[in-house]
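Asker: Sending over work30.cif (mmCIF, C-alpha atoms).
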```
data_structure
loop_
_atom_site.label_atom_id
_atom_site.label_comp_id
_atom_site.auth_asym_id
_atom_site.auth_seq_id
_atom_site.Cartn_x
_atom_site.Cartn_y
_atom_site.Cartn_z
CA MET A 1 -8.94 -15.35 21.29
CA ARG A 2 -9.53 -11.96 19.69
CA SER A 3 -8.58 -8.98 21.78
CA ILE A 4 -11.20 -6.25 21.46
CA THR A 5 -10.85 -2.74 22.81
CA PRO A 6 -14.07 -0.78 23.39
CA ALA A 7 -14.69 2.21 21.15
CA SER A 8 -14.76 4.44 24.20
CA ALA A 9 -11.18 3.54 25.14
CA PRO A 10 -8.36 6.11 24.80
CA GLN A 11 -6.65 6.53 21.45
CA ASN A 12 -3.28 5.29 22.69
CA ARG A 13 -3.05 1.62 23.60
CA PRO A 14 -0.31 -0.32 25.42
CA SER A 15 2.77 -0.56 23.23
CA GLN A 16 3.00 -4.35 23.49
CA GLN A 17 -0.18 -4.69 21.41
CA ARG A 18 1.77 -4.22 18.19
CA HIS A 19 -0.21 -6.37 15.78
CA ARG A 20 -3.61 -4.96 14.97
CA ARG A 21 -6.90 -5.92 13.42
CA ILE A 22 -6.72 -6.18 9.68
CA GLY A 23 -9.41 -3.99 8.16
CA ARG A 24 -11.34 -4.61 4.98
CA ARG A 25 -8.97 -4.09 2.07
CA TRP A 26 -9.91 -1.88 -0.87
CA LEU A 27 -8.19 -4.46 -3.04
CA ALA A 28 -10.65 -7.14 -1.94
CA VAL A 29 -13.56 -4.97 -3.05
CA ALA A 30 -12.01 -4.42 -6.48
CA VAL A 31 -11.25 -8.10 -6.86
CA ALA A 32 -14.85 -9.03 -6.03
CA ALA A 33 -15.99 -7.05 -9.06
CA CYS A 34 -14.07 -9.32 -11.78
CA ALA A 35 -21.62 14.34 -3.83
CA THR A 36 -18.10 15.37 -4.74
CA ALA A 37 -16.98 17.14 -1.54
CA GLY A 38 -15.93 20.79 -1.73
CA VAL A 39 -14.50 22.89 -4.54
CA ALA A 40 -11.40 21.73 -6.39
CA THR A 41 -8.19 23.45 -5.38
CA ALA A 42 -4.62 22.96 -6.50
CA GLY A 43 -1.27 23.55 -4.91
CA GLN A 44 2.30 23.25 -6.07
CA SER A 45 5.79 23.66 -4.72
CA SER A 46 8.24 26.26 -5.93
CA GLU A 47 10.03 23.42 -7.67
CA GLY A 48 6.73 22.55 -9.32
CA GLU A 49 6.42 26.11 -10.62
CA ALA A 50 9.76 25.77 -12.35
CA ALA A 51 8.81 22.38 -13.75
CA THR A 52 5.72 23.76 -15.47
CA SER A 53 7.90 25.33 -18.12
CA MET A 54 9.44 21.97 -19.01
CA PRO A 55 8.10 19.84 -21.89
CA GLY A 56 6.09 16.72 -21.22
CA TYR A 57 3.83 16.08 -18.26
CA GLN A 58 3.28 19.43 -16.57
CA GLN A 59 1.55 20.99 -13.59
CA VAL A 60 -1.61 21.58 -15.61
CA ASP A 61 -1.72 17.86 -16.46
CA LEU A 62 -1.38 16.84 -12.82
CA ARG A 63 -4.12 19.28 -11.81
CA ARG A 64 -6.41 17.87 -14.48
CA ASP A 65 -5.76 14.28 -13.44
CA THR A 66 -6.34 14.93 -9.73
CA ALA A 67 -9.53 16.83 -10.57
CA ALA A 68 -10.73 13.80 -12.56
CA LEU A 69 -10.29 11.69 -9.43
CA GLN A 70 -12.24 14.13 -7.27
CA ALA A 71 -15.05 14.09 -9.82
CA LEU A 72 -15.58 10.40 -8.98
CA GLY A 73 -16.75 11.40 -5.50
CA ILE A 74 -13.37 11.29 -3.74
CA THR A 75 -13.23 13.77 -0.89
CA GLY A 76 -9.57 14.74 -1.22
CA VAL A 77 -6.59 13.94 -3.44
CA GLN A 78 -2.90 14.76 -3.19
CA ALA A 79 -0.33 13.76 -5.80
CA ARG A 80 3.39 14.29 -6.31
CA VAL A 81 5.63 13.60 -9.30
CA THR A 82 9.37 13.58 -8.53
CA THR A 83 11.54 14.07 -11.59
CA ALA A 84 15.12 13.06 -12.34
CA SER A 85 16.22 16.64 -11.69
CA GLY A 86 14.73 16.48 -8.20
CA ARG A 87 12.02 18.99 -9.05
CA ASP A 88 8.54 18.05 -7.94
CA LEU A 89 5.11 18.60 -9.38
CA VAL A 90 2.54 18.70 -6.56
CA ALA A 91 -1.22 19.05 -6.82
CA THR A 92 -4.11 18.74 -4.37
CA THR A 93 -7.83 18.83 -4.96
CA GLY A 94 -10.99 18.51 -2.89
CA VAL A 95 -11.07 19.12 0.85
CA ALA A 96 -9.41 17.64 3.92
CA VAL A 97 -12.66 17.39 5.89
CA ALA A 98 -16.02 16.79 4.24
CA GLY A 99 -18.44 19.69 4.58
CA THR A 100 -15.68 22.27 5.06
CA ASN A 101 -13.46 24.39 2.82
CA ARG A 102 -10.29 23.16 4.52
CA PRO A 103 -7.79 22.39 1.73
CA VAL A 104 -6.04 19.06 1.40
CA PRO A 105 -2.52 19.54 2.82
CA ARG A 106 0.25 19.52 0.23
CA ASP A 107 2.48 17.34 2.42
CA GLY A 108 -0.22 15.55 4.39
CA TYR A 109 0.16 12.26 6.19
CA PHE A 110 -1.87 9.25 5.03
CA ARG A 111 -1.99 5.50 5.64
CA ILE A 112 -0.04 3.65 2.95
CA ALA A 113 -1.53 0.21 3.79
CA SER A 114 -0.13 -2.54 1.53
CA THR A 115 2.60 -0.28 0.14
CA GLY A 116 4.25 -1.42 3.38
CA LYS A 117 4.68 -4.86 1.78
CA ALA A 118 7.45 -3.39 -0.37
CA LEU A 119 9.20 -2.28 2.84
CA MET A 120 8.89 -5.77 4.29
CA ALA A 121 10.18 -7.40 1.12
CA THR A 122 13.20 -5.10 1.13
CA VAL A 123 14.04 -6.06 4.73
CA ILE A 124 13.73 -9.77 3.92
CA LEU A 125 16.05 -9.44 0.93
CA GLN A 126 18.57 -7.51 3.01
CA LEU A 127 18.49 -10.35 5.55
CA VAL A 128 19.11 -12.79 2.70
CA ASP A 129 22.07 -10.69 1.59
CA ASP A 130 23.37 -10.70 5.17
CA GLY A 131 23.22 -14.49 5.24
CA LYS A 132 20.57 -14.52 7.95
CA LEU A 133 18.10 -16.56 5.89
CA SER A 134 17.48 -17.94 2.42
CA LEU A 135 14.61 -17.39 0.01
CA ASP A 136 14.38 -21.18 -0.22
CA ASP A 137 13.99 -21.62 3.55
CA THR A 138 10.66 -23.14 4.47
CA VAL A 139 8.27 -21.47 6.88
CA ASP A 140 8.79 -24.44 9.23
CA ARG A 141 12.51 -23.68 9.30
CA TRP A 142 11.73 -20.52 11.26
CA LEU A 143 8.20 -21.06 12.56
CA PRO A 144 7.82 -24.79 13.19
CA GLY A 145 4.23 -25.97 13.43
CA VAL A 146 2.68 -22.54 12.78
CA ILE A 147 1.39 -23.51 9.31
CA ASP A 148 -0.46 -26.77 9.85
CA GLY A 149 -3.91 -28.28 9.39
CA ASN A 150 -6.57 -28.44 6.65
CA GLY A 151 -3.92 -29.25 4.07
CA ASN A 152 -1.67 -26.33 5.03
CA ASP A 153 1.94 -27.40 5.51
CA GLY A 154 4.75 -25.04 6.52
CA ARG A 155 7.31 -27.60 5.38
CA LYS A 156 6.25 -27.02 1.76
CA ILE A 157 6.02 -23.20 1.69
CA THR A 158 9.15 -21.12 1.14
CA VAL A 159 10.05 -17.54 2.00
CA ARG A 160 10.14 -16.76 -1.73
CA GLN A 161 6.57 -18.01 -2.13
CA LEU A 162 5.36 -15.85 0.75
CA LEU A 163 6.98 -12.81 -0.87
CA GLN A 164 5.56 -13.57 -4.30
CA ASN A 165 2.03 -14.55 -3.18
CA THR A 166 2.45 -18.06 -4.56
CA SER A 167 2.14 -19.83 -1.19
CA GLY A 168 -1.53 -20.72 -1.62
CA LEU A 169 -2.37 -19.51 1.90
CA HIS A 170 -5.98 -18.37 2.17
CA ASP A 171 -6.79 -14.94 3.60
CA ASP A 172 -9.56 -14.71 6.18
CA LEU A 173 -9.59 -11.10 7.23
CA PRO A 174 -12.16 -9.29 9.36
CA GLY A 175 -13.30 -5.89 8.18
CA PHE A 176 -15.96 -3.20 8.01
CA ASP A 177 -19.09 -3.82 5.94
CA THR A 178 -21.27 -1.13 7.54
CA PRO A 179 -20.78 2.02 9.60
CA GLN A 180 -21.96 0.01 12.60
CA ASP A 181 -19.17 -2.51 11.98
CA TYR A 182 -16.67 0.32 11.91
CA TYR A 183 -17.77 1.86 15.20
CA ARG A 184 -17.98 -1.56 16.85
CA HIS A 185 -14.64 -2.95 15.67
CA ARG A 186 -12.32 -0.04 14.85
CA TYR A 187 -10.21 -0.79 17.96
CA ASP A 188 -10.16 -4.60 17.64
CA THR A 189 -6.69 -6.11 17.83
CA TYR A 190 -5.15 -9.41 16.76
CA THR A 191 -1.76 -10.98 17.31
CA PRO A 192 0.03 -12.30 14.20
CA GLU A 193 -0.55 -15.83 15.50
CA GLN A 194 -4.30 -15.19 15.62
CA ILE A 195 -4.27 -13.85 12.06
CA VAL A 196 -2.43 -16.94 10.84
CA ALA A 197 -4.81 -19.18 12.81
CA ARG A 198 -7.75 -17.70 10.89
CA SER A 199 -6.08 -18.79 7.66
CA MET A 200 -5.50 -22.29 9.03
CA LYS A 201 -9.28 -22.79 9.31
CA HIS A 202 -9.34 -22.95 5.49
CA HIS A 203 -7.84 -25.25 2.92
CA PRO A 204 -5.12 -23.67 0.79
CA ASP A 205 -6.22 -21.90 -2.37
CA PHE A 206 -3.76 -24.10 -4.29
CA ARG A 207 -0.61 -26.18 -3.74
CA PRO A 208 2.42 -23.95 -2.99
CA GLY A 209 4.07 -22.73 -6.16
CA THR A 210 1.26 -23.76 -8.50
CA GLY A 211 -0.80 -20.55 -8.59
CA TRP A 212 -0.99 -16.91 -7.49
CA SER A 213 -3.28 -15.30 -4.92
CA TYR A 214 -2.82 -12.07 -2.97
CA SER A 215 -2.14 -13.01 0.66
CA ASN A 216 -1.87 -10.57 3.53
CA THR A 217 -1.38 -13.58 5.79
CA GLY A 218 1.84 -14.41 3.95
CA TYR A 219 3.29 -11.01 4.82
CA VAL A 220 2.28 -11.39 8.46
CA LEU A 221 4.38 -14.57 8.44
CA LEU A 222 7.28 -12.70 6.83
CA GLY A 223 7.30 -10.25 9.73
CA MET A 224 7.49 -13.16 12.15
CA ILE A 225 10.33 -14.72 10.14
CA ALA A 226 12.24 -11.42 10.01
CA GLU A 227 12.11 -11.24 13.79
CA GLU A 228 13.19 -14.87 14.26
CA SER A 229 16.09 -14.66 11.82
CA ALA A 230 17.48 -11.30 12.96
CA GLY A 231 16.53 -11.45 16.65
CA ARG A 232 15.01 -7.97 16.51
CA PRO A 233 11.48 -6.63 16.01
CA TRP A 234 10.79 -6.17 12.32
CA PRO A 235 9.61 -2.52 12.67
CA GLU A 236 13.01 -1.72 14.17
CA GLN A 237 14.62 -3.32 11.14
CA VAL A 238 12.50 -1.23 8.75
CA GLU A 239 13.53 1.89 10.66
CA ASN A 240 17.25 1.06 10.69
CA ARG A 241 17.54 -0.47 7.24
CA ILE A 242 15.23 1.77 5.17
CA LEU A 243 13.70 4.83 6.80
CA GLU A 244 16.83 6.28 8.40
CA PRO A 245 19.24 5.61 5.51
CA LEU A 246 16.84 7.19 3.01
CA GLY A 247 15.92 10.11 5.25
CA MET A 248 12.24 9.12 5.30
CA HIS A 249 11.58 11.14 8.45
CA HIS A 250 7.86 11.48 7.78
CA THR A 251 7.17 7.74 7.67
CA TYR A 252 6.19 5.95 10.85
CA LEU A 253 4.27 2.98 12.16
CA SER A 254 1.00 4.03 13.76
CA GLY A 255 1.03 1.02 16.09
CA ALA A 256 -1.26 1.59 19.07
CA THR A 257 -2.30 5.08 17.98
CA SER A 258 -5.63 5.34 16.21
CA THR A 259 -5.12 8.86 14.83
CA LEU A 260 -2.71 10.42 12.33
CA ARG A 261 -0.09 13.08 12.83
CA ARG A 262 -0.98 16.49 11.46
CA PRO A 263 -1.45 17.75 8.87
CA HIS A 264 -3.64 15.15 7.23
CA ALA A 265 -6.88 14.76 5.31
CA ASN A 266 -9.59 12.70 6.98
CA GLY A 267 -10.31 9.31 5.46
CA TYR A 268 -13.82 8.31 4.35
CA GLN A 269 -15.42 4.99 3.53
CA VAL A 270 -18.50 4.95 1.30
CA PHE A 271 -20.32 1.78 2.32
CA ALA A 272 -22.50 -0.35 0.07
CA ALA A 273 -25.68 1.39 1.18
CA GLY A 274 -24.14 4.74 0.23
CA GLU A 275 -23.24 6.03 3.71
CA ARG A 276 -20.06 8.12 3.69
CA THR A 277 -18.44 7.60 7.08
CA ASP A 278 -15.36 9.28 8.53
CA VAL A 279 -13.11 6.28 9.32
CA THR A 280 -9.95 8.22 10.09
CA GLU A 281 -9.77 6.96 13.66
CA GLN A 282 -8.96 3.26 13.75
CA ILE A 283 -6.19 0.92 14.82
CA VAL A 284 -4.53 -0.65 11.80
CA PRO A 285 -2.33 -3.78 11.74
CA ASP A 286 1.37 -3.03 11.94
CA LEU A 287 2.45 -3.89 8.39
CA GLY A 288 -0.56 -2.05 6.97
CA GLY A 289 -0.27 0.63 9.61
CA TYR A 290 2.57 2.64 8.13
CA VAL A 291 1.82 6.33 7.66
CA SER A 292 3.78 8.41 5.20
CA THR A 293 3.73 11.34 2.76
CA THR A 294 3.91 11.50 -1.02
CA ALA A 295 7.49 12.80 -0.80
CA ASP A 296 8.61 9.91 1.40
CA VAL A 297 6.91 7.23 -0.71
CA ASN A 298 8.59 8.66 -3.80
CA ARG A 299 11.89 8.69 -1.93
CA PHE A 300 11.49 5.02 -1.05
CA PHE A 301 10.93 3.88 -4.63
CA GLN A 302 13.66 6.21 -5.84
CA GLY A 303 16.12 4.70 -3.35
CA LEU A 304 15.04 1.10 -3.85
CA LEU A 305 15.10 1.10 -7.65
CA GLY A 306 18.15 3.35 -7.70
CA GLY A 307 20.21 0.70 -5.92
CA GLU A 308 20.57 2.37 -2.52
CA LEU A 309 18.99 -0.45 -0.51
CA LEU A 310 19.79 -3.71 -2.28
CA PRO A 311 22.71 -4.97 -4.38
CA GLU A 312 22.12 -5.87 -8.00
CA ALA A 313 21.71 -9.60 -7.37
CA ARG A 314 18.99 -9.07 -4.78
CA MET A 315 17.21 -6.53 -6.97
CA ALA A 316 17.20 -9.07 -9.79
CA GLU A 317 15.40 -11.51 -7.47
CA MET A 318 12.94 -8.82 -6.42
CA ARG A 319 12.17 -8.08 -10.08
CA ASP A 320 11.61 -11.74 -10.96
CA THR A 321 7.88 -11.66 -11.64
CA VAL A 322 4.96 -14.01 -12.25
CA PRO A 323 1.53 -13.15 -13.71
CA VAL A 324 -1.18 -12.15 -11.23
CA ASP A 325 -4.41 -14.14 -11.20
CA ARG A 326 -7.42 -13.32 -13.36
CA ARG A 327 -9.17 -11.43 -10.56
CA LEU A 328 -6.27 -9.00 -10.10
CA GLU A 329 -5.87 -8.69 -13.86
CA ALA A 330 -9.10 -6.68 -13.76
CA ILE A 331 -7.42 -3.85 -11.85
CA TRP A 332 -3.78 -4.48 -12.86
CA PRO A 333 -4.04 -5.16 -16.61
CA GLY A 334 -0.85 -6.88 -17.68
CA GLY A 335 0.34 -6.84 -14.08
CA ARG A 336 3.05 -9.15 -12.78
CA TYR A 337 4.17 -9.65 -9.18
CA GLY A 338 7.77 -9.91 -8.04
CA LEU A 339 8.99 -10.09 -4.46
CA GLY A 340 6.88 -7.34 -2.92
CA LEU A 341 6.82 -5.30 -6.13
CA VAL A 342 4.18 -5.03 -8.86
CA ASN A 343 5.26 -4.60 -12.47
CA ARG A 344 2.80 -2.96 -14.86
CA PRO A 345 2.99 -1.86 -18.51
CA LEU A 346 3.19 1.78 -19.59
CA SER A 347 1.09 3.06 -22.48
CA CYS A 348 4.18 4.69 -23.99
CA GLY A 349 6.17 1.45 -23.92
CA GLY A 350 8.13 -0.29 -21.20
CA ARG A 351 6.93 -1.01 -17.68
CA TYR A 352 6.98 0.50 -14.21
CA TRP A 353 7.27 -0.72 -10.62
CA SER A 354 4.89 -0.06 -7.75
CA HIS A 355 2.94 -1.41 -4.82
CA GLN A 356 -0.39 0.22 -4.16
CA GLY A 357 -2.19 0.13 -0.85
CA GLY A 358 -5.79 0.33 0.32
CA GLU A 359 -6.98 0.77 3.89
CA ALA A 360 -10.46 1.87 4.87
CA GLY A 361 -10.55 5.56 4.00
CA PHE A 362 -7.17 5.84 2.25
CA ILE A 363 -6.15 4.58 -1.19
CA THR A 364 -2.59 4.95 -2.50
CA LEU A 365 -1.24 4.30 -5.99
CA ASN A 366 2.37 4.85 -6.91
CA GLY A 367 4.90 4.05 -9.59
CA ALA A 368 8.53 4.41 -10.56
CA THR A 369 10.60 3.97 -13.68
CA ASP A 370 13.19 1.18 -13.85
CA GLU A 371 16.01 3.10 -12.17
CA GLY A 372 13.73 5.19 -9.95
CA SER A 373 14.60 8.39 -11.82
CA ARG A 374 10.94 9.39 -12.04
CA THR A 375 8.40 8.53 -9.37
CA VAL A 376 4.78 9.37 -8.65
CA THR A 377 2.48 8.85 -5.67
CA VAL A 378 -1.22 9.68 -5.45
CA SER A 379 -3.17 9.46 -2.19
CA MET A 380 -6.98 9.52 -2.13
CA SER A 381 -8.93 9.98 1.10
CA THR A 382 -12.01 8.01 0.07
CA SER A 383 -12.53 4.29 -0.45
CA PHE A 384 -15.65 2.58 -1.73
CA ASN A 385 -17.41 -0.66 -0.88
CA ASP A 386 -18.97 -0.52 -4.33
CA SER A 387 -16.98 -2.51 -6.87
CA ASP A 388 -17.92 -0.36 -9.89
CA ARG A 389 -16.82 2.89 -8.24
CA THR A 390 -13.69 1.17 -6.95
CA LEU A 391 -12.72 0.06 -10.43
CA ARG A 392 -13.33 3.54 -11.87
CA GLN A 393 -11.18 5.00 -9.08
CA GLN A 394 -8.46 2.47 -9.83
CA LYS A 395 -8.48 3.23 -13.56
CA ALA A 396 -8.37 7.01 -13.12
CA ALA A 397 -5.52 6.79 -10.61
CA SER A 398 -3.65 4.30 -12.80
CA ASP A 399 -4.04 6.67 -15.74
CA LEU A 400 -2.51 9.47 -13.67
CA VAL A 401 0.48 7.29 -12.79
CA ASP A 402 0.88 6.19 -16.40
CA ARG A 403 0.81 9.70 -17.84
CA ALA A 404 3.17 11.06 -15.21
CA LEU A 405 5.73 8.30 -15.79
CA CYS A 406 5.42 8.50 -19.57
CA ASP A 407 6.19 12.21 -19.08
CA THR A 408 3.78 13.27 -21.81
CA SER A 409 0.44 14.99 -21.51
CA SER A 410 -2.69 13.13 -22.50
CA THR A 411 -3.27 15.44 -25.43
CA ARG A 412 0.05 14.42 -26.93
CA HIS A 413 -1.07 10.80 -26.68
CA GLY A 414 -4.36 11.63 -28.27
CA ARG A 415 -6.35 10.60 -25.18
#
```
Just dump the structure as structure tokens.

Answerer:
Amino acid sequence: MRSITPASAPQNRPSQQRHRRIGRRWLAVAVAACATAGVATAGQSSEGEAATSMPGYQQVDLRRDTAALQALGITGVQARVTTASGRDLVATTGVAVAGTNRPVPRDGYFRIASTGKALMATVILQLVDDGKLSLDDTVDRWLPGVIDGNGNDGRKITVRQLLQNTSGLHDDLPGFDTPQDYYRHRYDTYTPEQIVARSMKHHPDFRPGTGWSYSNTGYVLLGMIAEESAGRPWPEQVENRILEPLGMHHTYLSGATSTLRRPHANGYQVFAAGERTDVTEQIVPDLGGYVSTTADVNRFFQGLLGGELLPEARMAEMRDTVPVDRRLEAIWPGGRYGLGLVNRPLSCGGRYWSHQGGEAGFITLNGATDEGSRTVTVSMSTSFNDSDRTLRQQKAASDLVDRALCDTSSTRHGR
């Protein structure tokens, strides 16, 4: 039975309620598709100042690209490009709180949502390397009887298929369609078993291994498998295996806390009827509940693709990709999905690696070159329930990532 906490309850909940309500995903709005707040401002680090004199993508380009995002009606934007030399370009635009002149913090916290799937995939592959489990293990090997009914069969779904979104498991996720929904359900909580049970009410989208469909439910199962195979809570494994070794000291799991650490920009959802609602305060499911900064997200992709977290053999498995379905092709043109990593083409040739995330109020796009020598993360503090605006947001943010990784300004590409 769903556990619901009244909106009037305190912000901090008992720590044992670790698995939270899954909110409406920005990605789902974009898939369904197949007044600008404040005055633009820009900030940059001292490293960024030095980088402006370098050829290629420069501070002025990053300022222009973040301003283009704000012009779409996004309340606040922060972006960071980390170069091979370690110098960063940083730009912010818009405001942290709608109706004020408070600037977007240069190193602000934000919810990274499904970018957390890349963290989970890394932990699973480390467990494989440790001999704790195999990518060919079935779900039933670790969670007997959990996947059953309506044609769902845990004996036929493998760990690899969960990671690659080829399991066929159907997502049935509650979310916010109106401001009233948000205020009524922002503190709702679910156990992972309850989330999986919602999926079991549906027939599979396809037979395991015969198609591709984005599945949050699959990653909930991976967290359960990580705990069973290692005998430790999966958030503890993320902390010990990724965050501490990489020095990601500004990344944490929000868990039972409905607010963000400071500094941060508030997150806004523009609902279908046009209401812009401050949705900063909400309890987010654990895997989607990671909070981070642009510097830490860049550090993660730099470390992962640079070989600091996984040996070459495991990285090869992570980079083994399949095409995404036609619905996702609309927002990831040419996109392919590996094991918790998305591979997308660059306009200048070659491809890059990423995993974007969308939670109500916060949208994150990111990208890294093959060896992680150049990384970029952009966080936007507005999400839309309107598919057209969502797709325009996606394209503008994707263009920023592309230009930053190609390391050339748009004028040099003739755009």

Asker: Report as a VMD selection string the full result of the PyMOL selection byres ((chain A and resi 66-83) around 7) when it is applied to this structure.

Answerer: chain A and resid 35 to 37 40 62 to 65 84 to 96 98 104 106 294 298 373 to 382 393 396 to 397 404

Asker: Which residue, A:Gln394, A:Ser347, A:Asn165, A:Gln282, has the smallest gap to Tyr187 in chain A when you use only C-alpha atoms?

Answerer: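 Looking only at the distances to Tyr187 in chain A, the closest residue turns out to be A:Gln282.
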
Asker: Excluding Val291 in chain A and residues on its chain fewer than 5 positions from it, collect all residues at most 7 Å away from it, counting only C-alpha atoms, and give them as a PDB file with C-alpha atoms, keeping the file's coordinate frame.

Answerer:
```
ATOM      1  CA  TYR A 109       0.160  12.260   6.190  1.00  0.00           C
ATOM      2  CA  PHE A 110      -1.870   9.250   5.030  1.00  0.00           C
ATOM      3  CA  ARG A 111      -1.990   5.500   5.640  1.00  0.00           C
ATOM      4  CA  ILE A 112      -0.040   3.650   2.950  1.00  0.00           C
ATOM      5  CA  THR A 251       7.170   7.740   7.670  1.00  0.00           C
ATOM      6  CA  TYR A 252       6.190   5.950  10.850  1.00  0.00           C
ATOM      7  CA  LEU A 253       4.270   2.980  12.160  1.00  0.00           C
ATOM      8  CA  SER A 254       1.000   4.030  13.760  1.00  0.00           C
TER       9      SER A 254
END
```

Asker: Please report as CSV every residue of range 299-379 of chain A lying within 9 Å of range 115-139 of chain A, along with the nearest atom pair and their distance in Å (one decimal), using all atoms listed in the file.

Answerer:
```
residue,atom,partner,partner_atom,distance
A:Phe300,CA,A:Leu119,CA,8.6
A:Leu304,CA,A:Thr122,CA,8.2
A:Leu309,CA,A:Thr122,CA,7.6
A:Leu310,CA,A:Gln126,CA,6.6
A:Pro311,CA,A:Asp129,CA,8.3
A:Arg314,CA,A:Leu125,CA,6.4
A:Met315,CA,A:Leu125,CA,8.5
A:Glu317,CA,A:Leu125,CA,8.7
A:Met318,CA,A:Leu125,CA,8.0
A:Leu339,CA,A:Ala121,CA,6.3
A:Gly340,CA,A:Ala118,CA,4.7
A:Leu341,CA,A:Ala118,CA,6.1
A:Ser354,CA,A:Thr115,CA,8.2
A:His355,CA,A:Thr115,CA,5.1
A:Gln356,CA,A:Thr115,CA,5.3
A:Gly357,CA,A:Thr115,CA,4.9
A:Gly358,CA,A:Thr115,CA,8.4
A:Thr364,CA,A:Thr115,CA,7.8
A:Leu365,CA,A:Thr115,CA,8.6
A:Asn366,CA,A:Thr115,CA,8.7
```

Asker: For the file shown, report as number ranges by chain the outcome of the PyMOL selection byres ((chain A and resi 370) around 8) at residue level.

Answerer: A: 305, 351-353, 368-369, 371-373

Asker: Suppose we keep C-alpha atoms; can you now write the selection as a CSV table (one decimal), in the coordinates of the input?

Answerer:
```csv
chain,number,residue,atom,x,y,z
A,305,LEU,CA,15.1,1.1,-7.6
A,351,ARG,CA,6.9,-1.0,-17.7
A,352,TYR,CA,7.0,0.5,-14.2
A,353,TRP,CA,7.3,-0.7,-10.6
A,368,ALA,CA,8.5,4.4,-10.6
A,369,THR,CA,10.6,4.0,-13.7
A,371,GLU,CA,16.0,3.1,-12.2
A,372,GLY,CA,13.7,5.2,-10.0
A,373,SER,CA,14.6,8.4,-11.8
```

Asker: Translate the PyMOL selection byres ((chain A and resi 145) around 12) into a concrete residue list for this structure, as a list in words.

Answerer: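 With the shown file as input, the PyMOL selection byres ((chain A and resi 145) around 12) matches Thr138, Val139, Asp140, Arg141, Trp142, Leu143, Pro144, Val146, Ile147, Asp148, Gly149, Asn152, Asp153, Gly154, Arg155, Lys156, Glu193, Val196, Ala197 and Met200 of chain A.
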
Asker: Restricting it to C-alpha atoms, dump the selection as a compact mmCIF listing (two decimals), keeping the file's coordinate frame.

Answerer:
```txt
# COMPACT_ATOMS: atom_id res chain seq x y z
CA THR A 138 10.66 -23.14 4.47
CA VAL A 139 8.27 -21.47 6.88
CA ASP A 140 8.79 -24.44 9.23
CA ARG A 141 12.51 -23.68 9.30
CA TRP A 142 11.73 -20.52 11.26
CA LEU A 143 8.20 -21.06 12.56
CA PRO A 144 7.82 -24.79 13.19
CA VAL A 146 2.68 -22.54 12.78
CA ILE A 147 1.39 -23.51 9.31
CA ASP A 148 -0.46 -26.77 9.85
CA GLY A 149 -3.91 -28.28 9.39
CA ASN A 152 -1.67 -26.33 5.03
CA ASP A 153 1.94 -27.40 5.51
CA GLY A 154 4.75 -25.04 6.52
CA ARG A 155 7.31 -27.60 5.38
CA LYS A 156 6.25 -27.02 1.76
CA GLU A 193 -0.55 -15.83 15.50
CA VAL A 196 -2.43 -16.94 10.84
CA ALA A 197 -4.81 -19.18 12.81
CA MET A 200 -5.50 -22.29 9.03
```

Asker: If you measure from CA of Pro208 in chain A to CA of Ala226 in chain A, what distance in Å do you get, rounded to one decimal?

Answerer: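 Interatomic distance, CA of Pro208 in chain A to CA of Ala226 in chain A: 20.6 Å.
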
Asker: Interatomic distance between CA of Gly211 in chain A and CA of Gly349 in chain A?

Answerer: 27.7 Å
